[in-house]
$ cat run25.txt   # compact mmCIF, C-alpha atoms
# COMPACT_ATOMS: atom_id res chain seq x y z
CA MET Q 1 1.87 13.33 -17.01
CA HIS Q 2 -1.38 11.72 -15.98
CA LEU Q 3 -2.86 9.19 -13.56
CA THR Q 4 -3.01 5.76 -15.19
CA GLY Q 5 -3.77 3.53 -12.19
CA LEU Q 6 -5.80 3.64 -8.97
CA HIS Q 7 -5.66 0.75 -6.51
CA VAL Q 8 -7.33 0.15 -3.16
CA TYR Q 9 -6.48 -2.74 -0.81
CA PRO Q 10 -9.39 -3.02 1.65
CA VAL Q 11 -7.58 -5.69 3.70
CA LYS Q 12 -3.85 -5.26 4.18
CA SER Q 13 -1.95 -7.66 1.88
CA MET Q 14 -5.08 -9.11 0.23
CA TYR Q 15 -6.10 -8.66 -3.43
CA ARG Q 16 -6.59 -5.22 -4.90
CA LEU Q 17 -9.56 -3.26 -6.21
CA SER Q 18 -8.86 -1.01 -9.21
CA PRO Q 19 -11.61 1.61 -9.50
CA ASP Q 20 -11.82 4.43 -12.03
CA THR Q 21 -12.29 6.98 -9.24
CA ALA Q 22 -11.37 7.08 -5.56
CA ALA Q 23 -12.07 9.53 -2.76
CA VAL Q 24 -9.02 10.76 -0.88
CA GLN Q 25 -9.05 11.01 2.91
CA PRO Q 26 -6.29 12.37 5.15
CA TRP Q 27 -5.14 8.79 5.92
CA GLY Q 28 -5.31 7.44 2.33
CA LEU Q 29 -7.76 6.38 -0.36
CA ALA Q 30 -11.24 5.69 0.97
CA GLY Q 31 -11.47 2.06 2.07
CA ASP Q 32 -7.75 1.40 1.76
CA ARG Q 33 -6.29 -0.91 4.43
CA ARG Q 34 -8.88 -0.25 7.10
CA TRP Q 35 -8.83 -4.02 7.76
CA MET Q 36 -5.95 -6.39 8.43
CA LEU Q 37 -5.07 -9.75 9.91
CA ALA Q 38 -3.22 -9.97 13.22
CA ASP Q 39 -1.43 -12.98 14.70
CA PRO Q 40 -1.98 -14.08 18.33
CA THR Q 41 0.54 -11.47 19.55
CA GLY Q 42 -1.29 -8.67 17.74
CA ARG Q 43 1.36 -8.19 15.07
CA PHE Q 44 0.11 -7.61 11.53
CA VAL Q 45 0.24 -10.47 9.02
CA SER Q 46 1.12 -9.92 5.36
CA GLN Q 47 2.25 -11.77 2.27
CA ARG Q 48 5.74 -11.65 3.74
CA GLU Q 49 4.71 -14.55 5.99
CA ASN Q 50 1.79 -16.01 4.06
CA THR Q 51 1.42 -15.56 0.31
CA ALA Q 52 -2.11 -17.00 0.45
CA LEU Q 53 -3.40 -13.63 1.70
CA GLY Q 54 -2.99 -12.20 -1.79
CA GLN Q 55 -5.34 -14.82 -3.22
CA ILE Q 56 -8.35 -13.70 -1.18
CA ARG Q 57 -10.62 -11.57 -3.36
CA VAL Q 58 -12.20 -8.63 -1.56
CA ALA Q 59 -15.26 -6.51 -2.26
CA LEU Q 60 -16.33 -3.42 -0.33
CA LEU Q 61 -19.96 -3.45 0.74
CA PRO Q 62 -22.08 -0.61 2.16
CA ASP Q 63 -21.22 0.81 5.60
CA GLY Q 64 -17.65 -0.45 5.47
CA ALA Q 65 -18.55 -4.15 5.35
CA LEU Q 66 -16.47 -6.68 3.41
CA SER Q 67 -17.00 -9.66 1.20
CA LEU Q 68 -14.12 -12.15 1.21
CA THR Q 69 -13.84 -14.97 -1.34
CA ALA Q 70 -11.26 -17.77 -1.17
CA PRO Q 71 -9.81 -19.42 -4.32
CA GLY Q 72 -12.15 -22.40 -3.94
CA GLY Q 73 -15.20 -20.15 -3.93
CA SER Q 74 -15.95 -20.08 -0.21
CA ARG Q 75 -17.32 -16.63 0.63
CA ILE Q 76 -18.18 -14.66 3.74
CA GLU Q 77 -19.61 -11.21 4.38
CA VAL Q 78 -18.16 -9.35 7.34
CA THR Q 79 -19.90 -6.41 8.98
CA ALA Q 80 -17.65 -3.56 10.07
CA PRO Q 81 -17.42 -3.74 13.86
CA ALA Q 82 -17.56 -0.64 16.01
CA VAL Q 83 -16.46 0.32 19.50
CA ALA Q 84 -19.85 1.89 20.13
CA ALA Q 85 -21.54 -1.45 19.48
CA GLY Q 86 -19.47 -3.15 22.15
CA ASP Q 87 -17.35 -5.23 19.77
CA PRO Q 88 -14.07 -6.29 21.43
CA LEU Q 89 -10.95 -4.17 21.02
CA ALA Q 90 -7.57 -5.67 20.21
CA GLU Q 91 -4.17 -4.12 20.68
CA VAL Q 92 -2.35 -4.58 17.38
CA GLU Q 93 0.96 -3.57 15.90
CA VAL Q 94 2.23 -2.45 12.49
CA TRP Q 95 5.99 -1.98 12.24
CA GLY Q 96 6.47 -1.16 15.89
CA THR Q 97 3.49 1.15 16.27
CA ARG Q 98 0.85 -0.23 18.62
CA PHE Q 99 -2.74 0.94 18.48
CA ARG Q 100 -6.24 -0.36 19.04
CA ALA Q 101 -8.50 -1.90 16.40
CA VAL Q 102 -11.87 -3.63 16.64
CA GLU Q 103 -12.17 -7.38 16.21
CA ALA Q 104 -14.54 -8.80 13.62
CA ALA Q 105 -17.21 -11.30 14.63
CA LYS Q 106 -16.36 -14.88 15.60
CA ASP Q 107 -17.57 -16.37 12.31
CA ALA Q 108 -15.06 -14.18 10.44
CA HIS Q 109 -12.21 -15.52 12.58
CA GLU Q 110 -13.37 -19.07 11.93
CA TRP Q 111 -13.43 -18.45 8.17
CA ILE Q 112 -9.95 -16.88 8.30
CA ALA Q 113 -8.63 -19.81 10.35
CA GLU Q 114 -9.99 -22.29 7.81
CA HIS Q 115 -8.45 -20.58 4.80
CA LEU Q 116 -5.35 -18.73 6.07
CA GLY Q 117 -4.30 -19.60 9.62
CA ASP Q 118 -4.59 -18.65 13.27
CA TYR Q 119 -5.26 -14.95 12.72
CA ARG Q 120 -7.78 -12.36 13.84
CA LEU Q 121 -9.49 -10.03 11.40
CA VAL Q 122 -9.49 -6.49 12.80
CA HIS Q 123 -10.92 -3.17 11.64
CA LEU Q 124 -9.49 0.32 12.19
CA ASP Q 125 -12.60 2.00 13.51
CA ASP Q 126 -10.75 5.28 14.14
CA PRO Q 127 -8.29 6.13 11.34
CA ARG Q 128 -6.89 8.91 13.52
CA ALA Q 129 -5.48 6.32 15.94
CA ARG Q 130 -2.17 5.76 14.17
CA PRO Q 131 0.18 8.70 13.49
CA VAL Q 132 2.53 8.91 10.55
CA ASP Q 133 6.22 8.55 11.42
CA PRO Q 134 7.01 11.94 13.01
CA GLU Q 135 10.34 12.05 11.19
CA TYR Q 136 8.42 12.50 7.94
CA GLY Q 137 4.96 13.72 8.95
CA ARG Q 138 3.49 16.60 10.90
CA PRO Q 139 1.51 16.39 14.13
CA GLY Q 140 -2.04 15.24 13.40
CA GLU Q 141 -1.16 13.39 10.19
CA THR Q 142 -2.31 9.79 10.41
CA VAL Q 143 -2.28 6.63 8.34
CA SER Q 144 -4.53 3.59 8.00
CA MET Q 145 -3.02 0.12 8.48
CA ALA Q 146 -0.75 0.61 5.46
CA ASP Q 147 2.93 -0.01 6.18
CA GLY Q 148 3.78 3.60 6.93
CA PHE Q 149 2.15 6.31 4.86
CA PRO Q 150 -1.28 7.15 3.40
CA LEU Q 151 -0.46 6.54 -0.28
CA LEU Q 152 2.18 4.89 -2.43
CA LEU Q 153 2.94 6.23 -5.92
CA THR Q 154 4.81 4.50 -8.73
CA THR Q 155 5.46 5.44 -12.36
CA THR Q 156 5.23 3.39 -15.52
CA ALA Q 157 8.53 4.83 -16.83
CA SER Q 158 10.42 3.58 -13.78
CA LEU Q 159 8.87 0.13 -14.15
CA ASP Q 160 9.92 0.08 -17.81
CA ARG Q 161 13.45 1.03 -16.83
CA LEU Q 162 13.53 -1.56 -14.05
CA ASN Q 163 12.42 -4.25 -16.48
CA GLU Q 164 15.21 -3.20 -18.85
CA LEU Q 165 17.74 -3.54 -16.04
CA ILE Q 166 16.36 -6.95 -15.04
CA ALA Q 167 16.56 -8.11 -18.65
CA ALA Q 168 20.20 -7.01 -18.79
CA GLU Q 169 20.91 -8.97 -15.59
CA HIS Q 170 19.29 -12.07 -17.11
CA PRO Q 171 20.51 -12.47 -20.70
CA GLU Q 172 18.99 -15.97 -20.71
CA GLY Q 173 15.57 -14.35 -20.43
CA HIS Q 174 13.27 -13.13 -17.68
CA GLU Q 175 9.60 -12.21 -17.66
CA ALA Q 176 8.75 -8.51 -17.45
CA LEU Q 177 7.33 -7.65 -14.04
CA PRO Q 178 3.84 -6.11 -13.88
CA MET Q 179 3.10 -3.07 -11.73
CA GLU Q 180 0.87 -5.17 -9.48
CA ARG Q 181 4.00 -6.66 -7.87
CA PHE Q 182 4.59 -3.30 -6.16
CA ARG Q 183 1.04 -2.82 -4.82
CA PRO Q 184 0.81 0.94 -5.44
CA ASN Q 185 -2.19 3.15 -4.80
CA LEU Q 186 -1.39 5.57 -7.61
CA VAL Q 187 0.36 4.95 -10.93
CA VAL Q 188 1.58 7.87 -13.04
CA GLY Q 189 2.35 7.72 -16.76
CA GLY Q 190 4.32 10.14 -18.91
CA SER Q 191 7.29 10.87 -16.63
CA GLU Q 192 10.97 10.12 -17.05
CA ALA Q 193 12.31 7.01 -15.35
CA TRP Q 194 13.07 7.62 -11.65
CA ALA Q 195 11.84 11.22 -11.93
CA GLU Q 196 9.65 10.65 -8.87
CA ASP Q 197 12.78 10.36 -6.73
CA GLY Q 198 13.19 14.11 -7.04
CA TRP Q 199 9.59 15.14 -6.48
CA ARG Q 200 8.77 16.85 -3.20
CA ARG Q 201 5.22 18.09 -3.79
CA ILE Q 202 2.80 17.24 -6.60
CA ARG Q 203 -0.73 17.96 -7.76
CA ILE Q 204 -2.99 15.21 -9.12
CA GLY Q 205 -6.25 16.56 -10.46
CA SER Q 206 -7.30 19.17 -7.91
CA LEU Q 207 -5.47 17.64 -4.94
CA THR Q 208 -1.93 18.19 -3.69
CA PHE Q 209 0.38 15.72 -1.98
CA LYS Q 210 3.69 15.83 -0.13
CA VAL Q 211 6.24 13.32 -1.39
CA VAL Q 212 7.89 12.28 1.85
CA LYS Q 213 9.98 9.12 1.50
CA PRO Q 214 11.09 6.44 -0.97
CA CYS Q 215 9.52 3.03 -0.53
CA GLY Q 216 12.03 0.38 0.50
CA ARG Q 217 10.89 -2.91 -1.02
CA CYS Q 218 10.51 -6.39 0.48
CA VAL Q 219 9.90 -10.00 -0.52
CA ILE Q 220 6.28 -9.27 -1.51
CA THR Q 221 7.63 -7.82 -4.77
CA THR Q 222 8.91 -11.30 -5.67
CA THR Q 223 5.41 -12.74 -5.30
CA ASP Q 224 3.12 -13.23 -8.29
CA GLN Q 225 -0.06 -11.46 -7.22
CA GLU Q 226 -2.23 -13.69 -9.40
CA SER Q 227 -0.86 -17.12 -8.38
CA GLY Q 228 0.67 -16.40 -4.98
CA GLU Q 229 3.95 -18.02 -6.02
CA ARG Q 230 7.35 -16.64 -5.07
CA ARG Q 231 9.18 -16.11 -8.35
CA GLY Q 232 12.85 -15.81 -7.44
CA PRO Q 233 15.05 -12.88 -6.40
CA GLU Q 234 13.72 -10.24 -8.80
CA PRO Q 235 13.12 -7.35 -8.58
CA LEU Q 236 14.97 -7.10 -5.27
CA ARG Q 237 18.32 -8.19 -6.68
CA THR Q 238 18.31 -5.65 -9.50
CA LEU Q 239 16.94 -2.83 -7.34
CA ALA Q 240 19.67 -3.50 -4.77
CA ARG Q 241 22.29 -3.17 -7.49
CA HIS Q 242 20.88 -0.24 -9.43
CA HIS Q 243 18.37 1.69 -7.36
CA ARG Q 244 19.17 1.93 -3.65
CA LEU Q 245 17.76 4.88 -1.71
CA LEU Q 246 18.17 5.38 2.03
CA ARG Q 247 20.20 2.14 2.01
CA LYS Q 248 17.29 0.07 0.72
CA ALA Q 249 16.24 -1.41 -2.61
CA ALA Q 250 13.65 1.21 -3.50
CA PHE Q 251 10.77 1.59 -5.91
CA GLY Q 252 8.07 4.24 -5.65
CA GLN Q 253 7.43 7.15 -3.31
CA ASN Q 254 5.22 7.57 -0.25
CA LEU Q 255 2.73 10.44 -0.19
CA ILE Q 256 0.77 12.38 2.42
CA PRO Q 257 -2.28 14.29 1.11
CA GLU Q 258 -2.68 17.98 1.89
CA ARG Q 259 -6.01 19.40 2.97
CA PRO Q 260 -7.37 21.89 0.41
CA ALA Q 261 -8.26 25.33 1.75
CA GLY Q 262 -11.86 25.50 2.88
CA VAL Q 263 -12.42 21.73 2.80
CA GLU Q 264 -13.78 20.25 6.03
CA GLY Q 265 -14.55 16.66 6.95
CA ASP Q 266 -12.93 13.37 6.01
CA VAL Q 267 -13.10 13.60 2.21
CA LEU Q 268 -10.49 15.91 0.71
CA GLY Q 269 -11.51 15.32 -2.90
CA THR Q 270 -11.65 12.67 -5.61
CA LEU Q 271 -9.02 11.26 -7.96
CA ARG Q 272 -9.94 9.97 -11.41
CA LEU Q 273 -8.03 7.96 -13.98
CA GLY Q 274 -6.67 10.38 -16.54
CA ASP Q 275 -6.17 13.22 -14.04
CA ASP Q 276 -3.26 15.48 -14.88
CA VAL Q 277 -0.18 15.19 -12.67
CA GLU Q 278 1.98 18.26 -12.07
CA VAL Q 279 5.20 18.60 -10.10
CA LEU Q 280 4.90 21.63 -7.82
CA GLU Q 281 8.22 21.29 -6.00
CA ASP Q 282 11.29 19.35 -7.06
CA GLY Q 283 14.53 18.74 -5.23
CA ALA Q 284 17.68 16.67 -5.12
CA HIS Q 285 17.15 12.93 -5.44
CA TRP Q 286 17.28 10.85 -2.30
CA PRO Q 287 20.84 9.65 -1.67
CA ALA Q 288 21.78 6.01 -1.93
CA ASP Q 289 23.38 5.96 1.52
CA GLY Q 290 21.80 7.98 4.29
CA ARG Q 291 19.61 11.03 3.98
$ encode --input "run25.txt" --output "structure tokens"
Amino acid sequence: MHLTGLHVYPVKSMYRLSPDTAAVQPWGLAGDRRWMLADPTGRFVSQRENTALGQIRVALLPDGALSLTAPGGSRIEVTAPAVAAGDPLAEVEVWGTRFRAVEAAKDAHEWIAEHLGDYRLVHLDDPRARPVDPEYGRPGETVSMADGFPLLLTTTASLDRLNELIAAEHPEGHEALPMERFRPNLVVGGSEAWAEDGWRRIRIGSLTFKVVKPCGRCVITTTDQESGERRGPEPLRTLARHHRLLRKAAFGQNLIPERPAGVEGDVLGTLRLGDDVEVLEDGAHWPADGR
């Protein structure tokens, strides 16, 4: 097996970057979901509520800054704010976890309001501020502003199998779904379909990862990531019928990186397309109902 895809989402729910290499930090790929939009209550905003987020193209600039480009070509550069610089803090929330992030400058909010809605753009200055769900993580393990865990892994074999199942459900014809619908960080080729459901610990290149929880899927998977259009009930309908784990329509597995012995600092190592993938620990597949 080998690594066939690497994806970074600098702003939660906006368009992806797909580099050939990516540094791994304890809270995820470098630059992944350190920014997000929050509504007036502080709750995160995603494509669940506003599909237009996925149409904003993002580039990472030096020192954590961003470039955002709207479909019509309007563009803004946003400097990464910092607590030390006196930029205002905002209390924000991702799936029930509240933490503090730093608000971007006023011109960024104005640009966001013009193109997306009444939201604030915030930056996670301290990626140690948000712990991983203690039911699945250990004390001290943290996550960026991703939904719940540092990395999401999918496999090409499972996507192929899912597309076969969808085709069987739609004998009149249905387009094959691309992997981008599932917004993974890591894509693995060369496995058996659904094999990842039994993985418990893996090595990719020189780095090791705990496989901690299946990813329950939502309406974002029904959204074309190129056009922003909702495209009907698939893949949720077919996943709900054929691949339910922990009582949810599931696709992919959440990972937490392990710190290599002797490695200090924020960078644990680097992943590269083509890296070998090895299963170090396997176990029973996650049950369809309950744990």
$ residues_near_point --input "run25.txt" --point "(8.0, 8.6, -1.3)" --cutoff "9 Å" --atoms "all atoms listed in the file" --output "list in words"
Phe149, Leu151, Leu152, Leu153, Glu196, Asp197, Trp199, Arg200, Lys210, Val211, Val212, Lys213, Pro214, Cys215, Phe251, Gly252, Gln253, Asn254, Leu255 and Ile256 of chain Q
$ atom_distance --input "run25.txt" --atom1 "atom CA of Q:Asp275" --atom2 "atom CA of Q:Val188"
9.5 Å
$ closest_residue --input "run25.txt" --among "Q:Arg231, Q:Arg201, Q:Arg241, Q:Arg128" --to "Q:Leu177" --atoms "only C-alpha atoms"
Q:Arg231
$ residues_around --input "run25.txt" --residues "Q:Arg48" --least-positions-apart "5" --cutoff "8 Å" --atoms "only C-alpha atoms" --output "ChimeraX atom specification"
/Q:218-220
$ residues_around --input "run25.txt" --residues "Q:Pro257" --least-positions-apart "6" --cutoff "8 Å" --atoms "all atoms listed in the file" --output "ChimeraX atom specification"
/Q:24-28,150,207-210
$ closest_residue --input "run25.txt" --among "Q:Gly72, Q:Gly5, Q:Gly96, Q:Gly265" --to "Q:Thr154" --atoms "all atoms listed in the file"
Q:Gly5
$ atom_distance --input "run25.txt" --atom1 "atom CA of Q:Leu273" --atom2 "atom CA of Q:Glu164"
26.2 Å
$ atom_distance --input "run25.txt" --atom1 "atom CA of Q:Thr69" --atom2 "atom CA of Q:Arg57"
5.1 Å
$ closest_residue --input "run25.txt" --among "Q:Leu3, Q:Leu37, Q:Val8, Q:Ala240" --to "Q:Glu93" --atoms "only C-alpha atoms"
Q:Leu37
$ residues_around --input "run25.txt" --residues "Q:Met36" --least-positions-apart "3" --cutoff "8 Å" --atoms "all atoms listed in the file" --output "PyMOL selection string"
chain Q and resi 11-13+33+44-45+121-123+145
$ residues_around --input "run25.txt" --residues "Q:Ile166" --least-positions-apart "6" --cutoff "8 Å" --atoms "only C-alpha atoms" --output "tab-separated table (two decimals) with C-alpha atoms, keeping the file's coordinate frame"
chain	number	residue	atom	x	y	z
Q	174	HIS	CA	13.27	-13.13	-17.68
Q	234	GLU	CA	13.72	-10.24	-8.80
Q	235	PRO	CA	13.12	-7.35	-8.58
Q	238	THR	CA	18.31	-5.65	-9.50
$ residues_around --input "run25.txt" --residues "stretch 80-84 of chain Q" --least-positions-apart "4" --cutoff "12 Å" --atoms "all atoms listed in the file" --output "JSON, numbers by chain"
{"Q": [10, 31, 34, 35, 60, 61, 62, 63, 64, 65, 66, 67, 88, 89, 90, 100, 101, 102, 103, 104, 105, 106, 108, 121, 122, 123, 124, 125, 126]}
$ closest_residue --input "run25.txt" --among "Q:Ser206, Q:Ser227, Q:Arg237, Q:Tyr136" --to "Q:Ala261" --atoms "all atoms listed in the file"
Q:Ser206
$ closest_residue --input "run25.txt" --among "Q:Leu268, Q:Leu186, Q:Ala195, Q:Glu226" --to "Q:Trp286" --atoms "all atoms listed in the file"
Q:Ala195
$ closest_residue --input "run25.txt" --among "Q:Asp266, Q:Trp194, Q:Asn163, Q:Pro134" --to "Q:Arg244" --atoms "only C-alpha atoms"
Q:Trp194
$ residues_near_point --input "run25.txt" --point "(-3.9, -19.8, 9.2)" --cutoff "12 Å" --atoms "all atoms listed in the file" --output "list in words"
Leu37, Ala38, Asp39, Pro40, Val45, Ser46, Glu49, Asn50, Thr51, Ala52, Leu53, His109, Glu110, Trp111, Ile112, Ala113, Glu114, His115, Leu116, Gly117, Asp118, Tyr119, Arg120 and Leu121 of chain Q
$ write_last_selection --input "run25.txt" --atoms "C-alpha atoms" --output "mmCIF file, in the coordinates of the input"
data_model
loop_
_atom_site.group_PDB
_atom_site.id
_atom_site.type_symbol
_atom_site.label_atom_id
_atom_site.label_comp_id
_atom_site.auth_asym_id
_atom_site.auth_seq_id
_atom_site.Cartn_x
_atom_site.Cartn_y
_atom_site.Cartn_z
ATOM 1 C CA LEU Q 37 -5.070 -9.750 9.910
ATOM 2 C CA ALA Q 38 -3.220 -9.970 13.220
ATOM 3 C CA ASP Q 39 -1.430 -12.980 14.700
ATOM 4 C CA PRO Q 40 -1.980 -14.080 18.330
ATOM 5 C CA VAL Q 45 0.240 -10.470 9.020
ATOM 6 C CA SER Q 46 1.120 -9.920 5.360
ATOM 7 C CA GLU Q 49 4.710 -14.550 5.990
ATOM 8 C CA ASN Q 50 1.790 -16.010 4.060
ATOM 9 C CA THR Q 51 1.420 -15.560 0.310
ATOM 10 C CA ALA Q 52 -2.110 -17.000 0.450
ATOM 11 C CA LEU Q 53 -3.400 -13.630 1.700
ATOM 12 C CA HIS Q 109 -12.210 -15.520 12.580
ATOM 13 C CA GLU Q 110 -13.370 -19.070 11.930
ATOM 14 C CA TRP Q 111 -13.430 -18.450 8.170
ATOM 15 C CA ILE Q 112 -9.950 -16.880 8.300
ATOM 16 C CA ALA Q 113 -8.630 -19.810 10.350
ATOM 17 C CA GLU Q 114 -9.990 -22.290 7.810
ATOM 18 C CA HIS Q 115 -8.450 -20.580 4.800
ATOM 19 C CA LEU Q 116 -5.350 -18.730 6.070
ATOM 20 C CA GLY Q 117 -4.300 -19.600 9.620
ATOM 21 C CA ASP Q 118 -4.590 -18.650 13.270
ATOM 22 C CA TYR Q 119 -5.260 -14.950 12.720
ATOM 23 C CA ARG Q 120 -7.780 -12.360 13.840
ATOM 24 C CA LEU Q 121 -9.490 -10.030 11.400
#
